[in-house]
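Novice: I am sharing my_file.pdb, which consists of PDB, C-alpha atoms:
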```
MODEL        1
ATOM      1  CA  MET Y  30     -24.320 -51.929  85.437
ATOM      2  CA  SER Y  31     -25.841 -54.898  87.251
ATOM      3  CA  PRO Y  32     -29.036 -56.373  85.762
ATOM      4  CA  PRO Y  33     -32.221 -55.544  87.662
ATOM      5  CA  GLN Y  34     -33.344 -57.994  90.301
ATOM      6  CA  PHE Y  35     -36.953 -59.076  90.500
ATOM      7  CA  PHE Y  36     -38.705 -61.154  93.120
ATOM      8  CA  PHE Y  37     -41.942 -63.010  93.874
ATOM      9  CA  THR Y  38     -43.448 -59.764  95.177
ATOM     10  CA  THR Y  39     -42.329 -57.518  92.289
ATOM     11  CA  THR Y  40     -45.264 -55.744  90.616
ATOM     12  CA  ALA Y  41     -46.018 -55.025  86.971
ATOM     13  CA  GLU Y  42     -45.651 -51.311  87.567
ATOM     14  CA  GLU Y  43     -42.189 -51.801  89.080
ATOM     15  CA  VAL Y  44     -41.074 -53.844  86.070
ATOM     16  CA  ALA Y  45     -42.549 -51.315  83.643
ATOM     17  CA  ASN Y  46     -40.745 -48.473  85.399
ATOM     18  CA  THR Y  47     -37.484 -50.435  85.191
ATOM     19  CA  PHE Y  48     -37.871 -50.899  81.423
ATOM     20  CA  ALA Y  49     -39.536 -47.570  80.692
ATOM     21  CA  ASN Y  50     -37.005 -46.722  78.001
ATOM     22  CA  GLU Y  51     -37.721 -50.020  76.236
ATOM     23  CA  ILE Y  52     -41.479 -49.433  76.380
ATOM     24  CA  GLU Y  53     -41.370 -45.807  75.249
ATOM     25  CA  GLY Y  54     -42.680 -45.362  71.707
ATOM     26  CA  LYS Y  55     -43.848 -48.964  71.416
ATOM     27  CA  ASN Y  56     -47.263 -50.086  70.157
ATOM     28  CA  VAL Y  57     -48.497 -53.079  72.124
ATOM     29  CA  LEU Y  58     -51.444 -55.449  71.580
ATOM     30  CA  ILE Y  59     -52.661 -57.443  74.599
ATOM     31  CA  THR Y  60     -55.300 -60.167  74.520
ATOM     32  CA  GLY Y  61     -57.514 -60.844  77.521
ATOM     33  CA  THR Y  62     -57.776 -57.429  79.171
ATOM     34  CA  SER Y  63     -60.930 -57.666  81.282
ATOM     35  CA  LEU Y  64     -60.970 -55.846  84.613
ATOM     36  CA  ASN Y  65     -59.668 -57.874  87.560
ATOM     37  CA  GLY Y  66     -57.241 -59.789  85.389
ATOM     38  CA  ILE Y  67     -53.482 -59.843  84.847
ATOM     39  CA  GLY Y  68     -53.858 -58.811  81.203
ATOM     40  CA  PHE Y  69     -55.565 -55.604  82.254
ATOM     41  CA  GLU Y  70     -52.942 -54.957  84.920
ATOM     42  CA  ALA Y  71     -50.143 -55.481  82.398
ATOM     43  CA  ALA Y  72     -51.896 -53.045  80.050
ATOM     44  CA  ARG Y  73     -52.215 -50.505  82.859
ATOM     45  CA  ALA Y  74     -48.505 -50.673  83.707
ATOM     46  CA  ILE Y  75     -47.382 -50.572  80.073
ATOM     47  CA  ALA Y  76     -49.789 -47.783  79.071
ATOM     48  CA  LYS Y  77     -47.981 -45.307  81.305
ATOM     49  CA  HIS Y  78     -44.979 -45.469  78.970
ATOM     50  CA  ALA Y  79     -46.081 -46.852  75.573
ATOM     51  CA  ASN Y  80     -47.212 -44.960  72.496
ATOM     52  CA  LEU Y  81     -50.293 -47.154  71.934
ATOM     53  CA  VAL Y  82     -51.923 -50.048  73.774
ATOM     54  CA  VAL Y  83     -54.481 -52.129  71.891
ATOM     55  CA  ILE Y  84     -56.746 -53.991  74.304
ATOM     56  CA  THR Y  85     -58.766 -56.933  73.063
ATOM     57  CA  GLY Y  86     -61.671 -59.091  74.159
ATOM     58  CA  TYR Y  87     -64.691 -60.857  72.725
ATOM     59  CA  ASN Y  88     -67.142 -58.843  74.848
ATOM     60  CA  GLU Y  89     -67.493 -55.251  73.630
ATOM     61  CA  ALA Y  90     -69.155 -54.043  76.846
ATOM     62  CA  ARG Y  91     -66.366 -55.378  79.072
ATOM     63  CA  LEU Y  92     -63.778 -54.009  76.669
ATOM     64  CA  LYS Y  93     -65.272 -50.529  77.046
ATOM     65  CA  LEU Y  94     -65.097 -50.830  80.845
ATOM     66  CA  SER Y  95     -61.388 -51.612  80.590
ATOM     67  CA  GLU Y  96     -60.815 -48.669  78.268
ATOM     68  CA  GLU Y  97     -62.665 -46.311  80.606
ATOM     69  CA  ALA Y  98     -60.649 -47.490  83.596
ATOM     70  CA  LEU Y  99     -57.366 -46.960  81.769
ATOM     71  CA  THR Y 100     -58.201 -43.539  80.343
ATOM     72  CA  ASN Y 101     -59.615 -42.319  83.668
ATOM     73  CA  GLU Y 102     -56.383 -43.199  85.447
ATOM     74  CA  ILE Y 103     -53.847 -42.351  82.725
ATOM     75  CA  HIS Y 104     -54.996 -39.214  80.946
ATOM     76  CA  THR Y 105     -52.222 -39.272  78.353
ATOM     77  CA  VAL Y 106     -52.725 -42.904  77.358
ATOM     78  CA  LYS Y 107     -53.591 -43.858  73.791
ATOM     79  CA  ILE Y 108     -55.908 -46.866  73.930
ATOM     80  CA  ARG Y 109     -57.597 -48.662  71.058
ATOM     81  CA  ARG Y 110     -60.223 -51.388  71.447
ATOM     82  CA  LEU Y 111     -60.197 -54.474  69.251
ATOM     83  CA  VAL Y 112     -63.005 -57.020  69.409
ATOM     84  CA  LEU Y 113     -61.306 -60.402  69.185
ATOM     85  CA  ASP Y 114     -62.764 -63.845  69.819
ATOM     86  CA  LEU Y 115     -59.790 -66.198  69.872
ATOM     87  CA  SER Y 116     -62.064 -69.256  69.860
ATOM     88  CA  SER Y 117     -63.069 -68.545  66.238
ATOM     89  CA  LEU Y 118     -60.552 -68.681  63.402
ATOM     90  CA  ALA Y 119     -62.799 -66.471  61.260
ATOM     91  CA  ALA Y 120     -62.969 -63.891  64.054
ATOM     92  CA  VAL Y 121     -59.188 -63.955  64.445
ATOM     93  CA  ARG Y 122     -58.704 -63.405  60.725
ATOM     94  CA  LYS Y 123     -61.164 -60.508  60.803
ATOM     95  CA  ALA Y 124     -59.398 -58.880  63.744
ATOM     96  CA  ALA Y 125     -55.976 -59.372  62.135
ATOM     97  CA  ALA Y 126     -57.234 -57.678  58.976
ATOM     98  CA  GLU Y 127     -58.362 -54.732  61.100
ATOM     99  CA  VAL Y 128     -54.955 -54.530  62.777
ATOM    100  CA  ASN Y 129     -53.356 -54.409  59.327
ATOM    101  CA  THR Y 130     -55.279 -51.193  58.630
ATOM    102  CA  TYR Y 131     -53.724 -49.430  61.626
ATOM    103  CA  PRO Y 132     -51.307 -46.619  60.753
ATOM    104  CA  GLU Y 133     -49.035 -47.834  63.563
ATOM    105  CA  PRO Y 134     -47.049 -51.070  63.450
ATOM    106  CA  ILE Y 135     -47.525 -53.494  66.337
ATOM    107  CA  HIS Y 136     -44.202 -54.007  68.082
ATOM    108  CA  VAL Y 137     -45.265 -56.371  70.861
ATOM    109  CA  LEU Y 138     -48.012 -59.013  71.024
ATOM    110  CA  ILE Y 139     -48.935 -60.287  74.468
ATOM    111  CA  HIS Y 140     -51.171 -63.348  74.326
ATOM    112  CA  ASN Y 141     -52.812 -63.491  77.725
ATOM    113  CA  ALA Y 142     -56.371 -64.611  76.925
ATOM    114  CA  ALA Y 143     -57.609 -68.048  77.921
ATOM    115  CA  ALA Y 144     -60.874 -69.953  77.836
ATOM    116  CA  THR Y 145     -62.771 -70.730  80.998
ATOM    117  CA  ILE Y 146     -61.588 -73.876  82.771
ATOM    118  CA  GLY Y 147     -64.663 -76.058  82.699
ATOM    119  CA  PRO Y 148     -66.661 -78.838  81.026
ATOM    120  CA  PHE Y 149     -65.919 -80.050  77.499
ATOM    121  CA  LYS Y 150     -66.842 -77.471  74.896
ATOM    122  CA  LEU Y 151     -66.236 -77.291  71.169
ATOM    123  CA  THR Y 152     -65.641 -74.036  69.336
ATOM    124  CA  VAL Y 153     -67.368 -73.059  66.089
ATOM    125  CA  ASP Y 154     -64.415 -74.684  64.301
ATOM    126  CA  GLY Y 155     -64.861 -78.002  66.133
ATOM    127  CA  LEU Y 156     -61.844 -77.521  68.391
ATOM    128  CA  GLU Y 157     -61.641 -78.008  72.141
ATOM    129  CA  SER Y 158     -62.190 -74.548  73.619
ATOM    130  CA  GLN Y 159     -59.207 -74.281  75.969
ATOM    131  CA  ILE Y 160     -56.516 -75.164  73.450
ATOM    132  CA  ALA Y 161     -58.353 -73.286  70.693
ATOM    133  CA  THR Y 162     -58.293 -70.037  72.656
ATOM    134  CA  ALA Y 163     -54.958 -70.255  74.423
ATOM    135  CA  HIS Y 164     -52.942 -71.788  71.597
ATOM    136  CA  ILE Y 165     -54.482 -72.015  68.130
ATOM    137  CA  GLY Y 166     -56.285 -68.667  68.134
ATOM    138  CA  SER Y 167     -53.186 -66.986  69.526
ATOM    139  CA  THR Y 168     -50.919 -68.543  66.897
ATOM    140  CA  LEU Y 169     -52.891 -67.542  63.817
ATOM    141  CA  PRO Y 170     -52.193 -63.760  64.115
ATOM    142  CA  LEU Y 171     -48.494 -64.467  63.568
ATOM    143  CA  HIS Y 172     -49.320 -65.194  59.946
ATOM    144  CA  GLN Y 173     -52.239 -62.837  59.502
ATOM    145  CA  ALA Y 174     -50.948 -59.599  61.002
ATOM    146  CA  ASN Y 175     -47.450 -59.463  59.481
ATOM    147  CA  PRO Y 176     -45.506 -58.460  62.612
ATOM    148  CA  PRO Y 177     -42.567 -56.069  62.153
ATOM    149  CA  GLN Y 178     -38.907 -56.851  62.625
ATOM    150  CA  ALA Y 179     -38.058 -58.096  66.111
ATOM    151  CA  ALA Y 180     -41.618 -58.148  67.406
ATOM    152  CA  ARG Y 181     -42.064 -60.299  70.486
ATOM    153  CA  VAL Y 182     -44.800 -62.736  71.355
ATOM    154  CA  HIS Y 183     -45.376 -63.808  74.928
ATOM    155  CA  PRO Y 184     -47.937 -66.457  75.724
ATOM    156  CA  ALA Y 185     -48.770 -66.447  79.412
ATOM    157  CA  THR Y 186     -49.013 -69.818  81.095
ATOM    158  CA  LEU Y 187     -49.842 -71.063  84.562
ATOM    159  CA  ARG Y 188     -48.041 -74.100  85.991
ATOM    160  CA  ALA Y 189     -48.236 -75.948  82.690
ATOM    161  CA  SER Y 190     -44.556 -76.585  82.277
ATOM    162  CA  SER Y 191     -44.307 -78.808  85.329
ATOM    163  CA  SER Y 192     -47.418 -80.879  84.700
ATOM    164  CA  PRO Y 193     -47.059 -84.500  83.565
ATOM    165  CA  LEU Y 194     -50.618 -84.277  82.246
ATOM    166  CA  ALA Y 195     -49.512 -82.121  79.330
ATOM    167  CA  LYS Y 196     -47.589 -84.842  77.470
ATOM    168  CA  ALA Y 197     -50.201 -85.470  74.788
ATOM    169  CA  THR Y 198     -50.265 -81.879  73.634
ATOM    170  CA  ALA Y 199     -48.658 -82.352  70.226
ATOM    171  CA  SER Y 200     -51.475 -84.496  68.847
ATOM    172  CA  ALA Y 201     -54.390 -83.356  71.018
ATOM    173  CA  PRO Y 202     -55.496 -80.172  69.185
ATOM    174  CA  ALA Y 203     -56.784 -81.904  66.064
ATOM    175  CA  LYS Y 204     -58.618 -84.711  67.879
ATOM    176  CA  PRO Y 205     -60.915 -83.335  70.599
ATOM    177  CA  SER Y 206     -62.749 -86.101  72.423
ATOM    178  CA  LYS Y 207     -65.504 -85.588  74.967
ATOM    179  CA  GLU Y 208     -64.983 -89.107  76.301
ATOM    180  CA  ALA Y 209     -61.272 -88.558  76.914
ATOM    181  CA  TYR Y 210     -61.703 -84.997  78.189
ATOM    182  CA  GLU Y 211     -60.590 -84.085  81.688
ATOM    183  CA  THR Y 212     -60.872 -80.419  82.671
ATOM    184  CA  MET Y 213     -57.464 -79.813  84.208
ATOM    185  CA  ASP Y 214     -55.699 -82.104  81.736
ATOM    186  CA  ALA Y 215     -57.049 -79.940  78.905
ATOM    187  CA  TYR Y 216     -55.890 -76.839  80.743
ATOM    188  CA  TYR Y 217     -52.381 -78.220  81.194
ATOM    189  CA  GLN Y 218     -52.187 -79.281  77.559
ATOM    190  CA  ALA Y 219     -53.217 -75.828  76.367
ATOM    191  CA  LYS Y 220     -50.582 -74.158  78.500
ATOM    192  CA  SER Y 221     -47.863 -76.631  77.567
ATOM    193  CA  ALA Y 222     -48.679 -75.933  73.918
ATOM    194  CA  MET Y 223     -47.962 -72.254  74.501
ATOM    195  CA  VAL Y 224     -44.521 -73.077  75.914
ATOM    196  CA  LEU Y 225     -43.690 -75.336  72.964
ATOM    197  CA  MET Y 226     -44.868 -72.822  70.378
ATOM    198  CA  ALA Y 227     -42.802 -70.018  71.883
ATOM    199  CA  ILE Y 228     -39.726 -72.214  71.525
ATOM    200  CA  GLU Y 229     -40.506 -73.322  67.960
ATOM    201  CA  LEU Y 230     -41.526 -69.825  66.885
ATOM    202  CA  SER Y 231     -38.192 -68.428  67.994
ATOM    203  CA  LYS Y 232     -36.381 -71.071  65.947
ATOM    204  CA  ARG Y 233     -38.375 -70.628  62.752
ATOM    205  CA  SER Y 234     -38.723 -66.861  62.594
ATOM    206  CA  ASN Y 235     -35.096 -66.168  61.659
ATOM    207  CA  GLY Y 236     -34.804 -63.503  64.351
ATOM    208  CA  ARG Y 237     -37.932 -61.676  63.228
ATOM    209  CA  ILE Y 238     -39.972 -62.680  66.270
ATOM    210  CA  ASN Y 239     -38.760 -63.725  69.686
ATOM    211  CA  GLY Y 240     -41.285 -65.885  71.504
ATOM    212  CA  TYR Y 241     -41.414 -66.312  75.269
ATOM    213  CA  SER Y 242     -43.635 -68.159  77.703
ATOM    214  CA  LEU Y 243     -44.038 -67.587  81.394
ATOM    215  CA  GLU Y 244     -45.361 -68.581  84.785
ATOM    216  CA  PRO Y 245     -47.318 -65.659  86.266
ATOM    217  CA  GLY Y 246     -48.059 -67.594  89.465
ATOM    218  CA  LEU Y 247     -51.315 -68.389  91.177
ATOM    219  CA  ILE Y 248     -53.597 -65.357  91.154
ATOM    220  CA  HIS Y 249     -57.239 -65.178  92.233
ATOM    221  CA  THR Y 250     -58.620 -63.476  89.134
ATOM    222  CA  ASN Y 251     -62.050 -63.418  87.536
ATOM    223  CA  MET Y 252     -61.091 -66.583  85.623
ATOM    224  CA  ASN Y 253     -60.978 -68.947  88.599
ATOM    225  CA  GLN Y 254     -63.995 -67.340  90.212
ATOM    226  CA  LYS Y 255     -66.327 -68.539  87.451
ATOM    227  CA  ALA Y 256     -68.794 -71.211  88.552
ATOM    228  CA  GLU Y 257     -67.734 -73.738  85.897
ATOM    229  CA  SER Y 258     -64.069 -73.451  86.956
ATOM    230  CA  VAL Y 259     -64.457 -73.991  90.669
ATOM    231  CA  ALA Y 260     -64.871 -77.790  90.728
ATOM    232  CA  GLY Y 261     -61.709 -78.461  88.730
ATOM    233  CA  LEU Y 262     -59.648 -76.079  90.826
ATOM    234  CA  GLN Y 263     -61.027 -77.563  94.039
ATOM    235  CA  ALA Y 264     -60.099 -81.045  92.819
ATOM    236  CA  ILE Y 265     -56.406 -80.117  92.652
ATOM    237  CA  GLY Y 266     -56.488 -78.146  95.899
ATOM    238  CA  VAL Y 267     -56.101 -74.676  94.426
ATOM    239  CA  LEU Y 268     -59.461 -73.581  95.841
ATOM    240  CA  ASP Y 269     -60.877 -74.727  99.167
ATOM    241  CA  ALA Y 270     -64.319 -76.188  99.826
ATOM    242  CA  ASN Y 271     -65.812 -72.680  99.839
ATOM    243  CA  GLY Y 272     -64.231 -71.701  96.514
ATOM    244  CA  ASN Y 273     -61.619 -69.454  98.138
ATOM    245  CA  PRO Y 274     -57.865 -69.520  97.464
ATOM    246  CA  SER Y 275     -56.179 -72.299  99.416
ATOM    247  CA  SER Y 276     -52.856 -71.501 101.030
ATOM    248  CA  ASP Y 277     -52.252 -75.029 102.311
ATOM    249  CA  ARG Y 278     -50.183 -76.083  99.292
ATOM    250  CA  PHE Y 279     -49.791 -72.923  97.224
ATOM    251  CA  GLN Y 280     -48.409 -69.424  97.593
ATOM    252  CA  TRP Y 281     -50.582 -66.809  95.923
ATOM    253  CA  LYS Y 282     -49.697 -63.597  94.118
ATOM    254  CA  THR Y 283     -51.705 -60.424  93.836
ATOM    255  CA  ILE Y 284     -52.839 -59.338  90.376
ATOM    256  CA  PRO Y 285     -50.075 -56.678  90.127
ATOM    257  CA  GLN Y 286     -47.503 -59.296  91.137
ATOM    258  CA  GLY Y 287     -48.884 -61.808  88.638
ATOM    259  CA  ALA Y 288     -48.724 -59.315  85.786
ATOM    260  CA  ALA Y 289     -45.088 -58.447  86.502
ATOM    261  CA  THR Y 290     -43.628 -61.386  84.570
ATOM    262  CA  ILE Y 291     -45.738 -60.520  81.518
ATOM    263  CA  VAL Y 292     -44.187 -57.064  81.399
ATOM    264  CA  ALA Y 293     -40.692 -58.461  81.917
ATOM    265  CA  ALA Y 294     -41.124 -60.980  79.100
ATOM    266  CA  ALA Y 295     -42.296 -58.215  76.805
ATOM    267  CA  PHE Y 296     -39.564 -55.676  77.446
ATOM    268  CA  ASP Y 297     -36.505 -57.006  79.248
ATOM    269  CA  PRO Y 298     -33.733 -56.423  76.650
ATOM    270  CA  SER Y 299     -31.531 -59.143  78.150
ATOM    271  CA  LEU Y 300     -34.007 -61.730  76.821
ATOM    272  CA  ASN Y 301     -32.973 -60.905  73.253
ATOM    273  CA  ALA Y 302     -30.022 -63.221  73.826
ATOM    274  CA  ILE Y 303     -32.252 -66.154  74.826
ATOM    275  CA  PRO Y 304     -35.248 -66.317  72.451
ATOM    276  CA  GLY Y 305     -37.761 -68.966  73.435
ATOM    277  CA  ALA Y 306     -36.998 -68.548  77.121
ATOM    278  CA  TYR Y 307     -39.434 -69.406  79.897
ATOM    279  CA  LEU Y 308     -39.824 -66.922  82.746
ATOM    280  CA  ALA Y 309     -40.875 -67.066  86.386
ATOM    281  CA  ASP Y 310     -40.867 -64.181  88.852
ATOM    282  CA  SER Y 311     -39.885 -61.841  85.990
ATOM    283  CA  THR Y 312     -36.656 -63.746  85.339
ATOM    284  CA  ALA Y 313     -35.569 -66.370  82.807
ATOM    285  CA  ALA Y 314     -36.120 -69.816  84.317
ATOM    286  CA  ASN Y 315     -35.558 -72.422  81.610
ATOM    287  CA  ASP Y 316     -34.562 -74.942  84.277
ATOM    288  CA  LYS Y 317     -38.199 -75.011  85.414
ATOM    289  CA  ILE Y 318     -39.587 -76.275  82.083
ATOM    290  CA  ALA Y 319     -40.572 -79.943  82.162
ATOM    291  CA  ALA Y 320     -38.929 -82.127  79.529
ATOM    292  CA  HIS Y 321     -42.125 -82.688  77.518
ATOM    293  CA  SER Y 322     -42.733 -78.926  77.334
ATOM    294  CA  SER Y 323     -39.275 -78.186  75.941
ATOM    295  CA  ASP Y 324     -38.788 -81.220  73.708
ATOM    296  CA  ASN Y 325     -37.819 -80.142  70.191
ATOM    297  CA  ALA Y 326     -39.677 -83.029  68.560
ATOM    298  CA  ASN Y 327     -42.869 -82.126  70.442
ATOM    299  CA  ALA Y 328     -42.489 -78.492  69.424
ATOM    300  CA  LYS Y 329     -42.061 -79.353  65.739
ATOM    301  CA  LYS Y 330     -44.981 -81.780  65.740
ATOM    302  CA  LEU Y 331     -47.240 -79.248  67.458
ATOM    303  CA  TRP Y 332     -46.263 -76.589  64.913
ATOM    304  CA  ASP Y 333     -47.092 -78.930  62.026
ATOM    305  CA  VAL Y 334     -50.429 -79.971  63.561
ATOM    306  CA  THR Y 335     -51.340 -76.332  64.139
ATOM    307  CA  GLU Y 336     -50.631 -75.447  60.518
ATOM    308  CA  GLU Y 337     -52.875 -78.306  59.422
ATOM    309  CA  ILE Y 338     -55.697 -77.123  61.675
ATOM    310  CA  VAL Y 339     -55.652 -73.510  60.469
ATOM    311  CA  GLY Y 340     -54.961 -74.483  56.868
ATOM    312  CA  GLU Y 341     -52.009 -72.116  56.471
ATOM    313  CA  MET Y 342     -48.242 -72.339  56.469
ATOM    314  CA  PHE Y 343     -46.428 -69.910  58.741
ATOM    315  CA  VAL Y 344     -43.562 -68.663  56.593
ATOM    316  CA  PHE Y 345     -41.248 -65.909  57.819
ATOM    317  CA  ASP Y 346     -39.235 -63.612  55.605
ATOM    318  CA  GLU Y 347     -35.475 -63.918  55.742
TER     319      GLU Y 347
ENDMDL
END
```
Let me see whether you can do it: turn the structure in this file into structure tokens.
Specialist:
Amino acid sequence: MSPPQFFFTTTAEEVANTFANEIEGKNVLITGTSLNGIGFEAARAIAKHANLVVITGYNEARLKLSEEALTNEIHTVKIRRLVLDLSSLAAVRKAAAEVNTYPEPIHVLIHNAAATIGPFKLTVDGLESQIATAHIGSTLPLHQANPPQAARVHPATLRASSSPLAKATASAPAKPSKEAYETMDAYYQAKSAMVLMAIELSKRSNGRINGYSLEPGLIHTNMNQKAESVAGLQAIGVLDANGNPSSDRFQWKTIPQGAATIVAAAFDPSLNAIPGAYLADSTAANDKIAAHSSDNANAKKLWDVTEEIVGEMFVFDE
């Protein structure tokens, strides 16, 4: 049988239907599931087939809106809310402890949440907010929540792998500097870190966890509509002078199209043979990773720095 073919226009629901047998019976945790986002859309597509979908967010009210939307559309879905603020290590540890009380094991972790692209901001732990949320807060659950055999972790990234601005990632997390801060540089570094950690995770986990990173594409979600994000996105031509998506240099995806690669990374069984892979348009695309985002020395250094920041060693059972 020929492998399925996916394209720029493929939707999350189409990918989920293709891998329905892989999704069936699985318990999935997805971070960043607010309405009008690709995390929510991925949850919606997966929930039609999965046993349990845990949706997370730091805002309880918005989390309830997402739950209501899912249960109103999919009457058989089993949804569980988890309040999770990835910008706080204490909050992550608390949420992980709650997950460990669940009667169901978590088979798939999808790390989709990200901090707002905007001015310099420190978290309660003294970390720069973008890399704290996208990378450090998403890494800690690997140790805290004791994932089962062959769980998969899929950080979602946007155009980070091709950015030359991401080269300082390995040392940046521990040394946030307001003077050196540049909004889009910080964004690129956070996303490049996710690519590097997926690669290093796959090496160190002894087959217990396969990590993947991906390029969902440019999508006009609630994230880039926030006031503090607009200036940075206008500066690189993603948004026009009126704050609308610019098609002069970029091709945009819809939210369902953007969420498609998340679902593929989570459930395409062919990816078992290439742990650490990077995906674009729902297909493995390692040739699109920039050298600094796939460098083994960078990946190891970033892993070590991350362990120092969280104060824990990530040790996987044989």
Novice: Using only C-alpha atoms, pick whichever of Y:Tyr87, Y:Tyr131, Y:Phe345, Y:Phe36 has the shortest atom-to-atom distance to Ser116 of chain Y.
Specialist: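 Answer, going by the shortest atom-to-atom distance: Y:Tyr87.
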Novice: Need the shell around Val57 of chain Y: protein/DNA/RNA residues with any atom at most 10 Å away, counting all atoms listed in the file. Skip same-chain ones fewer than 5 positions apart. Format as a VMD selection string?
Specialist: chain Y and resid 52 72 75 to 76 79 to 84 108 134 to 139 180 to 181 295
Novice: Rank Y:Ser322, Y:Ala264, Y:Arg73, Y:Lys220 by their smallest atom-to-atom distance to Thr100 of chain Y, using only C-alpha atoms, and report the top residue only.
Specialist: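 The answer is Y:Arg73, which sits nearest to Thr100 of chain Y.
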Novice: Counting only C-alpha atoms, figure out which residue out of Y:Ala161, Y:Ser167, Y:Leu99, Y:Ala142 gets nearest to Ala125 of chain Y.
Specialist: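 Closest to Ala125 of chain Y, using only C-alpha atoms: Y:Ser167.
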Novice: For a quick check of understanding, using only C-alpha atoms, which of Y:Leu156, Y:Ala319, Y:Ala306, Y:Ala293 has the smallest distance to Tyr217 of chain Y?
Specialist: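 Result for the nearest residue to Tyr217 of chain Y: Y:Ala319.
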Novice: Using all atoms listed in the file, what table do you get, as a tab-separated table, when you list each residue of segment 242-301 of chain Y with an atom no more than 7 Å from segment 41-50 of chain Y, its nearest pair of atoms, and their distance in Å rounded to one decimal, rows by chain then rising number?
Specialist:
```
residue	atom	partner	partner_atom	distance
Y:Pro285	CA	Y:Ala41	CA	5.4
Y:Gln286	CA	Y:Ala41	CA	6.1
Y:Ala288	CA	Y:Ala41	CA	5.2
Y:Ala289	CA	Y:Ala41	CA	3.6
Y:Val292	CA	Y:Ala41	CA	6.2
Y:Ala293	CA	Y:Val44	CA	6.2
Y:Phe296	CA	Y:Phe48	CA	6.4
Y:Asp297	CA	Y:Phe48	CA	6.6
```
Novice: Please measure the separation of atom CA of Lys150 of chain Y and atom CA of His321 of chain Y, giving the value in Å to one decimal.
Specialist: 25.4 Å
Novice: As an exercise, work out the distance from atom CA of Asn239 of chain Y to atom CA of Glu337 of chain Y in Å and give it to one decimal place.
Specialist: 22.7 Å
Novice: Please compute the atom CA of Ser276 of chain Y-atom CA of Thr290 of chain Y distance, one decimal, in Å.
Specialist: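 Computing the Euclidean distance for atom CA of Ser276 of chain Y and atom CA of Thr290 of chain Y yields 21.4 Å.
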Novice: Enumerate, as a list in words, the residues matched when the PyMOL selection byres ((chain Y and resi 250) around 9) is run on the file above.
Specialist: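 Applying the expression gives Asn65, Gly66, Ile67, Ile248, His249, Asn251, Met252, Asn253, Gln254, Thr283 and Ile284 of chain Y.
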Novice: Could those selected residues go to a file with C-alpha atoms, as a PDB file, keeping the file's coordinate frame?
Specialist:
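The resulting result03.pdb:
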```pdb
ATOM      1  CA  ASN Y  65     -59.668 -57.874  87.560  1.00  0.00           C
ATOM      2  CA  GLY Y  66     -57.241 -59.789  85.389  1.00  0.00           C
ATOM      3  CA  ILE Y  67     -53.482 -59.843  84.847  1.00  0.00           C
ATOM      4  CA  ILE Y 248     -53.597 -65.357  91.154  1.00  0.00           C
ATOM      5  CA  HIS Y 249     -57.239 -65.178  92.233  1.00  0.00           C
ATOM      6  CA  ASN Y 251     -62.050 -63.418  87.536  1.00  0.00           C
ATOM      7  CA  MET Y 252     -61.091 -66.583  85.623  1.00  0.00           C
ATOM      8  CA  ASN Y 253     -60.978 -68.947  88.599  1.00  0.00           C
ATOM      9  CA  GLN Y 254     -63.995 -67.340  90.212  1.00  0.00           C
ATOM     10  CA  THR Y 283     -51.705 -60.424  93.836  1.00  0.00           C
ATOM     11  CA  ILE Y 284     -52.839 -59.338  90.376  1.00  0.00           C
TER      12      ILE Y 284
END
```
Novice: Of the candidates Y:Ser234, Y:Gln280, Y:Ser323, Y:Asn56, which shows the shortest atom-to-atom distance to Pro132 of chain Y, using only C-alpha atoms?
Specialist: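 Smallest distance to Pro132 of chain Y is found for Y:Asn56.
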Novice: Extending 8 Å beyond the listed atoms of segment 119-128 of chain Y on each side, what axis-aligned box results? I want centre and edge lengths in Å to one decimal, as lines of an AutoDock Vina configuration file.
Specialist:
```
center_x = -59.0
center_y = -60.5
center_z = 61.7
size_x = 24.0
size_y = 27.9
size_z = 21.5
```
Novice: Would you please work out which residue, of Y:Ile238, Y:Met213, Y:Ala119, Y:Ala302, is nearest to Gly266 of chain Y when using all atoms listed in the file?
Specialist: Y:Met213
Novice: I'd like the residues picked by the PyMOL selection byres ((chain Y and resi 145) around 12) written out as a PyMOL selection string, using the chain letters and numbers from the file.
Specialist: chain Y and resi 61+116+142-144+146-150+157-163+212-213+215-216+219+250-259+261-262
Novice: Step by step: start from the point (-56.2, -79.6, 62.1) in the file's coordinates, keep every protein, DNA or RNA residue that has an atom no farther than 9 Å from it, count all atoms listed in the file, and write the set as a VMD selection string.
Specialist: chain Y and resid 156 202 to 204 334 to 340
Novice: Please produce a file of the residues just selected, as a PDB file, in the coordinates of the input, where the atoms kept are C-alpha atoms.
Specialist:
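And here's part_20.pdb as it stands now:
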```
ATOM      1  CA  LEU Y 156     -61.844 -77.521  68.391  1.00  0.00           C
ATOM      2  CA  PRO Y 202     -55.496 -80.172  69.185  1.00  0.00           C
ATOM      3  CA  ALA Y 203     -56.784 -81.904  66.064  1.00  0.00           C
ATOM      4  CA  LYS Y 204     -58.618 -84.711  67.879  1.00  0.00           C
ATOM      5  CA  VAL Y 334     -50.429 -79.971  63.561  1.00  0.00           C
ATOM      6  CA  THR Y 335     -51.340 -76.332  64.139  1.00  0.00           C
ATOM      7  CA  GLU Y 336     -50.631 -75.447  60.518  1.00  0.00           C
ATOM      8  CA  GLU Y 337     -52.875 -78.306  59.422  1.00  0.00           C
ATOM      9  CA  ILE Y 338     -55.697 -77.123  61.675  1.00  0.00           C
ATOM     10  CA  VAL Y 339     -55.652 -73.510  60.469  1.00  0.00           C
ATOM     11  CA  GLY Y 340     -54.961 -74.483  56.868  1.00  0.00           C
TER      12      GLY Y 340
END
```
Novice: Run the PyMOL selection byres ((chain Y and resi 226) around 8) on the file and write out the hits as a list in words.
Specialist: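 Applying the expression gives Ala222, Met223, Val224, Leu225, Ala227, Ile228, Glu229, Leu230, Gly240, Ala328, Leu331 and Trp332 of chain Y.
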